[in-house]
>>> print(open('run-v3.pdb').read())   # PDB, C-alpha atoms, pLDDT in the B column
ATOM      1  CA  MET A   1     -79.516  22.708  -0.577  1.00 87.00           C
ATOM      2  CA  SER A   2     -79.047  20.012   2.053  1.00 91.00           C
ATOM      3  CA  VAL A   3     -75.662  19.418   3.652  1.00 91.00           C
ATOM      4  CA  ARG A   4     -75.720  15.888   2.211  1.00 90.00           C
ATOM      5  CA  ASP A   5     -76.197  17.279  -1.319  1.00 90.00           C
ATOM      6  CA  ALA A   6     -73.511  19.918  -0.746  1.00 90.00           C
ATOM      7  CA  LEU A   7     -71.071  17.192   0.330  1.00 89.00           C
ATOM      8  CA  ARG A   8     -71.638  15.312  -2.917  1.00 87.00           C
ATOM      9  CA  SER A   9     -70.635  18.315  -5.012  1.00 87.00           C
ATOM     10  CA  ALA A  10     -68.005  19.902  -2.719  1.00 89.00           C
ATOM     11  CA  PRO A  11     -64.369  19.858  -3.828  1.00 87.00           C
ATOM     12  CA  MET A  12     -61.963  17.418  -2.223  1.00 84.00           C
ATOM     13  CA  VAL A  13     -59.440  18.759   0.270  1.00 84.00           C
ATOM     14  CA  ASN A  14     -55.973  18.493  -1.277  1.00 82.00           C
ATOM     15  CA  ASP A  15     -57.083  15.377  -3.123  1.00 70.00           C
ATOM     16  CA  VAL A  16     -57.622  13.498   0.169  1.00 72.00           C
ATOM     17  CA  PRO A  17     -60.243  10.865  -0.615  1.00 74.00           C
ATOM     18  CA  GLY A  18     -63.396  11.350   1.392  1.00 81.00           C
ATOM     19  CA  LEU A  19     -62.699  14.834   2.792  1.00 86.00           C
ATOM     20  CA  ARG A  20     -64.630  17.757   1.334  1.00 89.00           C
ATOM     21  CA  LEU A  21     -64.521  21.533   1.674  1.00 91.00           C
ATOM     22  CA  LEU A  22     -67.938  23.027   2.477  1.00 91.00           C
ATOM     23  CA  ARG A  23     -68.782  26.701   2.227  1.00 92.00           C
ATOM     24  CA  VAL A  24     -70.721  27.962   5.263  1.00 93.00           C
ATOM     25  CA  GLY A  25     -73.187  30.839   5.435  1.00 91.00           C
ATOM     26  CA  ASP A  26     -75.347  30.376   2.351  1.00 89.00           C
ATOM     27  CA  ASP A  27     -77.835  27.614   3.092  1.00 92.00           C
ATOM     28  CA  TRP A  28     -76.764  27.021   6.692  1.00 93.00           C
ATOM     29  CA  ASP A  29     -74.472  28.298   9.420  1.00 95.00           C
ATOM     30  CA  LEU A  30     -72.609  26.197  11.954  1.00 95.00           C
ATOM     31  CA  VAL A  31     -72.354  26.233  15.717  1.00 95.00           C
ATOM     32  CA  ARG A  32     -69.094  24.725  16.956  1.00 94.00           C
ATOM     33  CA  THR A  33     -69.107  23.280  20.474  1.00 93.00           C
ATOM     34  CA  PRO A  34     -66.566  21.467  22.625  1.00 91.00           C
ATOM     35  CA  ALA A  35     -67.218  17.732  22.148  1.00 91.00           C
ATOM     36  CA  GLU A  36     -68.174  17.037  25.791  1.00 90.00           C
ATOM     37  CA  MET A  37     -70.767  19.765  25.781  1.00 91.00           C
ATOM     38  CA  GLY A  38     -71.961  19.027  22.255  1.00 94.00           C
ATOM     39  CA  PHE A  39     -72.521  15.312  22.883  1.00 94.00           C
ATOM     40  CA  LEU A  40     -74.481  16.050  26.077  1.00 93.00           C
ATOM     41  CA  ALA A  41     -76.629  18.562  24.211  1.00 94.00           C
ATOM     42  CA  LEU A  42     -77.112  16.043  21.379  1.00 96.00           C
ATOM     43  CA  ALA A  43     -78.279  13.405  23.875  1.00 94.00           C
ATOM     44  CA  HIS A  44     -80.717  15.947  25.338  1.00 93.00           C
ATOM     45  CA  LEU A  45     -82.046  16.887  21.894  1.00 96.00           C
ATOM     46  CA  ARG A  46     -82.553  13.224  21.003  1.00 96.00           C
ATOM     47  CA  ALA A  47     -84.259  12.469  24.333  1.00 95.00           C
ATOM     48  CA  THR A  48     -86.695  15.355  23.907  1.00 95.00           C
ATOM     49  CA  GLY A  49     -87.522  14.457  20.304  1.00 96.00           C
ATOM     50  CA  ALA A  50     -86.188  17.730  18.900  1.00 96.00           C
ATOM     51  CA  VAL A  51     -85.629  18.029  15.170  1.00 97.00           C
ATOM     52  CA  ILE A  52     -81.900  17.611  14.579  1.00 98.00           C
ATOM     53  CA  GLY A  53     -80.064  18.617  11.445  1.00 97.00           C
ATOM     54  CA  PRO A  54     -76.550  17.615  10.457  1.00 96.00           C
ATOM     55  CA  VAL A  55     -74.116  17.179  13.348  1.00 96.00           C
ATOM     56  CA  LEU A  56     -70.453  16.512  12.646  1.00 95.00           C
ATOM     57  CA  TYR A  57     -67.959  15.146  15.175  1.00 93.00           C
ATOM     58  CA  ASP A  58     -64.413  16.427  14.617  1.00 91.00           C
ATOM     59  CA  GLY A  59     -62.406  13.782  16.455  1.00 88.00           C
ATOM     60  CA  PRO A  60     -58.902  15.261  16.232  1.00 88.00           C
ATOM     61  CA  ASN A  61     -60.059  18.613  17.639  1.00 91.00           C
ATOM     62  CA  GLU A  62     -62.756  17.240  19.986  1.00 92.00           C
ATOM     63  CA  ARG A  63     -65.549  19.428  18.611  1.00 94.00           C
ATOM     64  CA  LEU A  64     -69.091  19.052  17.332  1.00 96.00           C
ATOM     65  CA  TYR A  65     -70.577  21.171  14.559  1.00 96.00           C
ATOM     66  CA  TYR A  66     -74.353  21.699  14.374  1.00 97.00           C
ATOM     67  CA  ALA A  67     -75.941  23.020  11.160  1.00 96.00           C
ATOM     68  CA  ILE A  68     -78.482  25.792  11.849  1.00 95.00           C
ATOM     69  CA  LYS A  69     -80.367  28.361   9.767  1.00 91.00           C
ATOM     70  CA  PRO A  70     -78.101  31.197   8.593  1.00 89.00           C
ATOM     71  CA  GLY A  71     -78.099  34.576  10.253  1.00 78.00           C
ATOM     72  CA  ILE A  72     -78.791  33.680  13.902  1.00 75.00           C
ATOM     73  CA  ALA A  73     -75.646  34.980  15.567  1.00 68.00           C
ATOM     74  CA  GLY A  74     -76.584  36.930  18.680  1.00 72.00           C
ATOM     75  CA  ILE A  75     -77.874  34.223  21.021  1.00 76.00           C
ATOM     76  CA  TRP A  76     -74.629  32.484  21.941  1.00 74.00           C
ATOM     77  CA  GLY A  77     -73.376  35.135  24.365  1.00 72.00           C
ATOM     78  CA  ASP A  78     -70.521  34.037  26.580  1.00 68.00           C
ATOM     79  CA  SER A  79     -71.022  30.298  26.129  1.00 73.00           C
ATOM     80  CA  PRO A  80     -67.996  28.291  24.935  1.00 82.00           C
ATOM     81  CA  VAL A  81     -69.397  27.899  21.425  1.00 88.00           C
ATOM     82  CA  ARG A  82     -68.589  29.656  18.191  1.00 90.00           C
ATOM     83  CA  HIS A  83     -71.006  30.695  15.474  1.00 91.00           C
ATOM     84  CA  LEU A  84     -69.557  30.199  11.977  1.00 92.00           C
ATOM     85  CA  SER A  85     -71.197  31.930   9.038  1.00 92.00           C
ATOM     86  CA  THR A  86     -70.272  33.842   5.886  1.00 90.00           C
ATOM     87  CA  ASN A  87     -66.631  33.530   4.836  1.00 90.00           C
ATOM     88  CA  SER A  88     -66.221  30.310   6.830  1.00 92.00           C
ATOM     89  CA  TRP A  89     -65.360  26.892   5.468  1.00 93.00           C
ATOM     90  CA  LEU A  90     -65.593  23.408   6.965  1.00 92.00           C
ATOM     91  CA  VAL A  91     -63.456  20.386   6.171  1.00 90.00           C
ATOM     92  CA  ALA A  92     -65.871  17.480   6.442  1.00 90.00           C
ATOM     93  CA  PRO A  93     -65.983  13.815   5.551  1.00 87.00           C
ATOM     94  CA  GLY A  94     -68.286  12.789   2.736  1.00 82.00           C
ATOM     95  CA  PRO A  95     -71.552  11.049   3.613  1.00 76.00           C
ATOM     96  CA  GLU A  96     -69.919   7.674   2.979  1.00 69.00           C
ATOM     97  CA  LEU A  97     -67.514   8.155   5.919  1.00 61.00           C
ATOM     98  CA  VAL A  98     -69.314   7.561   9.188  1.00 56.00           C
ATOM     99  CA  ASP A  99     -66.768   6.456  11.792  1.00 58.00           C
ATOM    100  CA  ASP A 100     -63.374   7.383  10.464  1.00 60.00           C
ATOM    101  CA  TRP A 101     -60.278   8.679  12.260  1.00 63.00           C
ATOM    102  CA  PHE A 102     -61.629  12.138  11.492  1.00 73.00           C
ATOM    103  CA  GLY A 103     -64.790  11.548  13.496  1.00 82.00           C
ATOM    104  CA  GLY A 104     -67.887  11.466  11.358  1.00 88.00           C
ATOM    105  CA  TRP A 105     -71.511  12.402  11.048  1.00 90.00           C
ATOM    106  CA  CYS A 106     -73.628  11.875  14.171  1.00 92.00           C
ATOM    107  CA  GLU A 107     -76.643  13.069  12.193  1.00 93.00           C
ATOM    108  CA  LEU A 108     -76.918  13.642   8.452  1.00 92.00           C
ATOM    109  CA  PRO A 109     -80.517  13.928   7.241  1.00 92.00           C
ATOM    110  CA  ASP A 110     -81.330  13.285   3.580  1.00 91.00           C
ATOM    111  CA  ASP A 111     -83.298  16.535   3.377  1.00 95.00           C
ATOM    112  CA  GLU A 112     -82.680  20.184   4.290  1.00 95.00           C
ATOM    113  CA  THR A 113     -83.446  19.704   7.993  1.00 96.00           C
ATOM    114  CA  LEU A 114     -81.463  22.014  10.287  1.00 96.00           C
ATOM    115  CA  THR A 115     -81.301  22.169  14.070  1.00 96.00           C
ATOM    116  CA  ASP A 116     -83.297  25.076  15.491  1.00 95.00           C
ATOM    117  CA  ALA A 117     -80.803  27.548  16.970  1.00 93.00           C
ATOM    118  CA  ASN A 118     -82.984  28.407  19.967  1.00 92.00           C
ATOM    119  CA  THR A 119     -83.562  24.730  20.755  1.00 94.00           C
ATOM    120  CA  LEU A 120     -79.823  24.058  20.500  1.00 94.00           C
ATOM    121  CA  HIS A 121     -79.066  27.060  22.696  1.00 91.00           C
ATOM    122  CA  ALA A 122     -81.501  25.792  25.339  1.00 92.00           C
ATOM    123  CA  ALA A 123     -79.943  22.306  25.206  1.00 93.00           C
ATOM    124  CA  LEU A 124     -76.447  23.740  25.608  1.00 91.00           C
ATOM    125  CA  GLN A 125     -77.649  25.810  28.591  1.00 87.00           C
ATOM    126  CA  HIS A 126     -79.647  22.979  30.182  1.00 86.00           C
ATOM    127  CA  PRO A 127     -78.693  22.331  33.834  1.00 86.00           C
ATOM    128  CA  TYR A 128     -78.097  18.667  32.981  1.00 77.00           C
ATOM    129  CA  VAL A 129     -75.350  19.665  30.554  1.00 76.00           C
ATOM    130  CA  ALA A 130     -73.784  22.126  33.003  1.00 75.00           C
ATOM    131  CA  MET A 131     -73.844  19.603  35.891  1.00 75.00           C
ATOM    132  CA  ALA A 132     -72.352  16.848  33.754  1.00 67.00           C
ATOM    133  CA  LEU A 133     -69.563  19.141  32.561  1.00 66.00           C
ATOM    134  CA  GLU A 134     -68.785  20.150  36.156  1.00 70.00           C
ATOM    135  CA  ALA A 135     -68.663  16.486  37.197  1.00 63.00           C
ATOM    136  CA  VAL A 136     -66.168  15.735  34.410  1.00 55.00           C
ATOM    137  CA  ARG A 137     -63.939  18.631  35.443  1.00 58.00           C
TER
END
>>> encode(input="run-v3.pdb", output="structure tokens")
Amino acid sequence: MSVRDALRSAPMVNDVPGLRLLRVGDDWDLVRTPAEMGFLALAHLRATGAVIGPVLYDGPNERLYYAIKPGIAGIWGDSPVRHLSTNSWLVAPGPELVDDWFGGWCELPDDETLTDANTLHAALQHPYVAMALEAVR
């Protein structure tokens, strides 16, 4: 099932219009990154023409969430990302909310497209991302 389809059928969060509760670990897992790092990696993925699945920006917490195939946990090592899988849940805006106070969907394909975990890992480790993060700090 695509993330877009899951959003349509997911329960609302405490009856807050537009926010949904998504179960993680069945059809996709998530990789949570700090926003600075995640946006740089997203720019790299777009520039290289990589296939990109759903990417959610969590504005209040300054994080990005990338949807990847389930079960790929071991590649993240000591990077400042977190792999979320079985027994995890995500509060997410519905597909109709794009640029809300919450943040919104940077990417939300209509189909079951997911970001390749190895491609995402390489983008997060790219020297361009590391140099840009050092410059910001």
>>> closest_residue(input="run-v3.pdb", among="A:Thr113, A:Val91, A:Gly71, A:Gly103", to="Asn14 (chain A)", atoms="only C-alpha atoms")
A:Val91
>>> resolve_selection(input="run-v3.pdb", expression="the PyMOL selection byres ((chain A and resi 32) around 10)", output="list of chain:residue names")
A:Asp29, A:Leu30, A:Val31, A:Thr33, A:Pro34, A:Ala35, A:Gly38, A:Val55, A:Leu56, A:Tyr57, A:Asp58, A:Arg63, A:Leu64, A:Tyr65, A:Tyr66, A:Ala67, A:Pro80, A:Val81, A:Arg82, A:His83, A:Leu84
>>> write_last_selection(input="run-v3.pdb", atoms="C-alpha atoms", output="short mmCIF file (atom, residue, chain, number, x, y, z; two decimals), keeping the file's coordinate frame")
data_model
loop_
_atom_site.label_atom_id
_atom_site.label_comp_id
_atom_site.auth_asym_id
_atom_site.auth_seq_id
_atom_site.Cartn_x
_atom_site.Cartn_y
_atom_site.Cartn_z
CA ASP A 29 -74.47 28.30 9.42
CA LEU A 30 -72.61 26.20 11.95
CA VAL A 31 -72.35 26.23 15.72
CA THR A 33 -69.11 23.28 20.47
CA PRO A 34 -66.57 21.47 22.62
CA ALA A 35 -67.22 17.73 22.15
CA GLY A 38 -71.96 19.03 22.26
CA VAL A 55 -74.12 17.18 13.35
CA LEU A 56 -70.45 16.51 12.65
CA TYR A 57 -67.96 15.15 15.18
CA ASP A 58 -64.41 16.43 14.62
CA ARG A 63 -65.55 19.43 18.61
CA LEU A 64 -69.09 19.05 17.33
CA TYR A 65 -70.58 21.17 14.56
CA TYR A 66 -74.35 21.70 14.37
CA ALA A 67 -75.94 23.02 11.16
CA PRO A 80 -68.00 28.29 24.94
CA VAL A 81 -69.40 27.90 21.42
CA ARG A 82 -68.59 29.66 18.19
CA HIS A 83 -71.01 30.70 15.47
CA LEU A 84 -69.56 30.20 11.98
#
>>> residues_around(input="run-v3.pdb", residues="region 42-49 of chain A", least_positions_apart="6", cutoff="9 Å", atoms="only C-alpha atoms", output="list of chain:residue names")
A:Val55, A:Thr119, A:Leu120, A:Ala123, A:Leu124, A:His126, A:Tyr128, A:Val129
>>> write_last_selection(input="run-v3.pdb", atoms="C-alpha atoms", output="PDB file, in the frame of the given file")
ATOM      1  CA  VAL A  55     -74.116  17.179  13.348  1.00 96.00           C
ATOM      2  CA  THR A 119     -83.562  24.730  20.755  1.00 94.00           C
ATOM      3  CA  LEU A 120     -79.823  24.058  20.500  1.00 94.00           C
ATOM      4  CA  ALA A 123     -79.943  22.306  25.206  1.00 93.00           C
ATOM      5  CA  LEU A 124     -76.447  23.740  25.608  1.00 91.00           C
ATOM      6  CA  HIS A 126     -79.647  22.979  30.182  1.00 86.00           C
ATOM      7  CA  TYR A 128     -78.097  18.667  32.981  1.00 77.00           C
ATOM      8  CA  VAL A 129     -75.350  19.665  30.554  1.00 76.00           C
TER       9      VAL A 129
END
>>> closest_residue(input="run-v3.pdb", among="A:Gly59, A:Pro95, A:Gly53, A:Met37", to="Ser9 (chain A)", atoms="all atoms listed in the file")
A:Pro95
>>> atom_distance(input="run-v3.pdb", atom1="CA of Arg8 (chain A)", atom2="CA of Asn118 (chain A)")
28.7 Å
>>> atom_distance(input="run-v3.pdb", atom1="CA of Trp76 (chain A)", atom2="CA of Arg4 (chain A)")
25.8 Å
>>> residues_around(input="run-v3.pdb", residues="Asp27 (chain A)", least_positions_apart="6", cutoff="8 Å", atoms="only C-alpha atoms", output="PyMOL selection string")
chain A and resi 1-2+69-70
>>> resolve_selection(input="run-v3.pdb", expression="the PyMOL selection byres ((chain A and resi 87) around 9)", output="list in words")
Arg23, Val24, Gly25, Leu84, Ser85, Thr86, Ser88 and Trp89 of chain A
>>> residues_around(input="run-v3.pdb", residues="Asp116 (chain A)", least_positions_apart="5", cutoff="8 Å", atoms="only C-alpha atoms", output="list in words")
Val51, Ile52, Ile68 and Lys69 of chain A
>>> resolve_selection(input="run-v3.pdb", expression="the PyMOL selection byres ((chain A and resi 11) around 7)", output="MDAnalysis selection string")
chainID A and resid 9:10 12:13 20:21
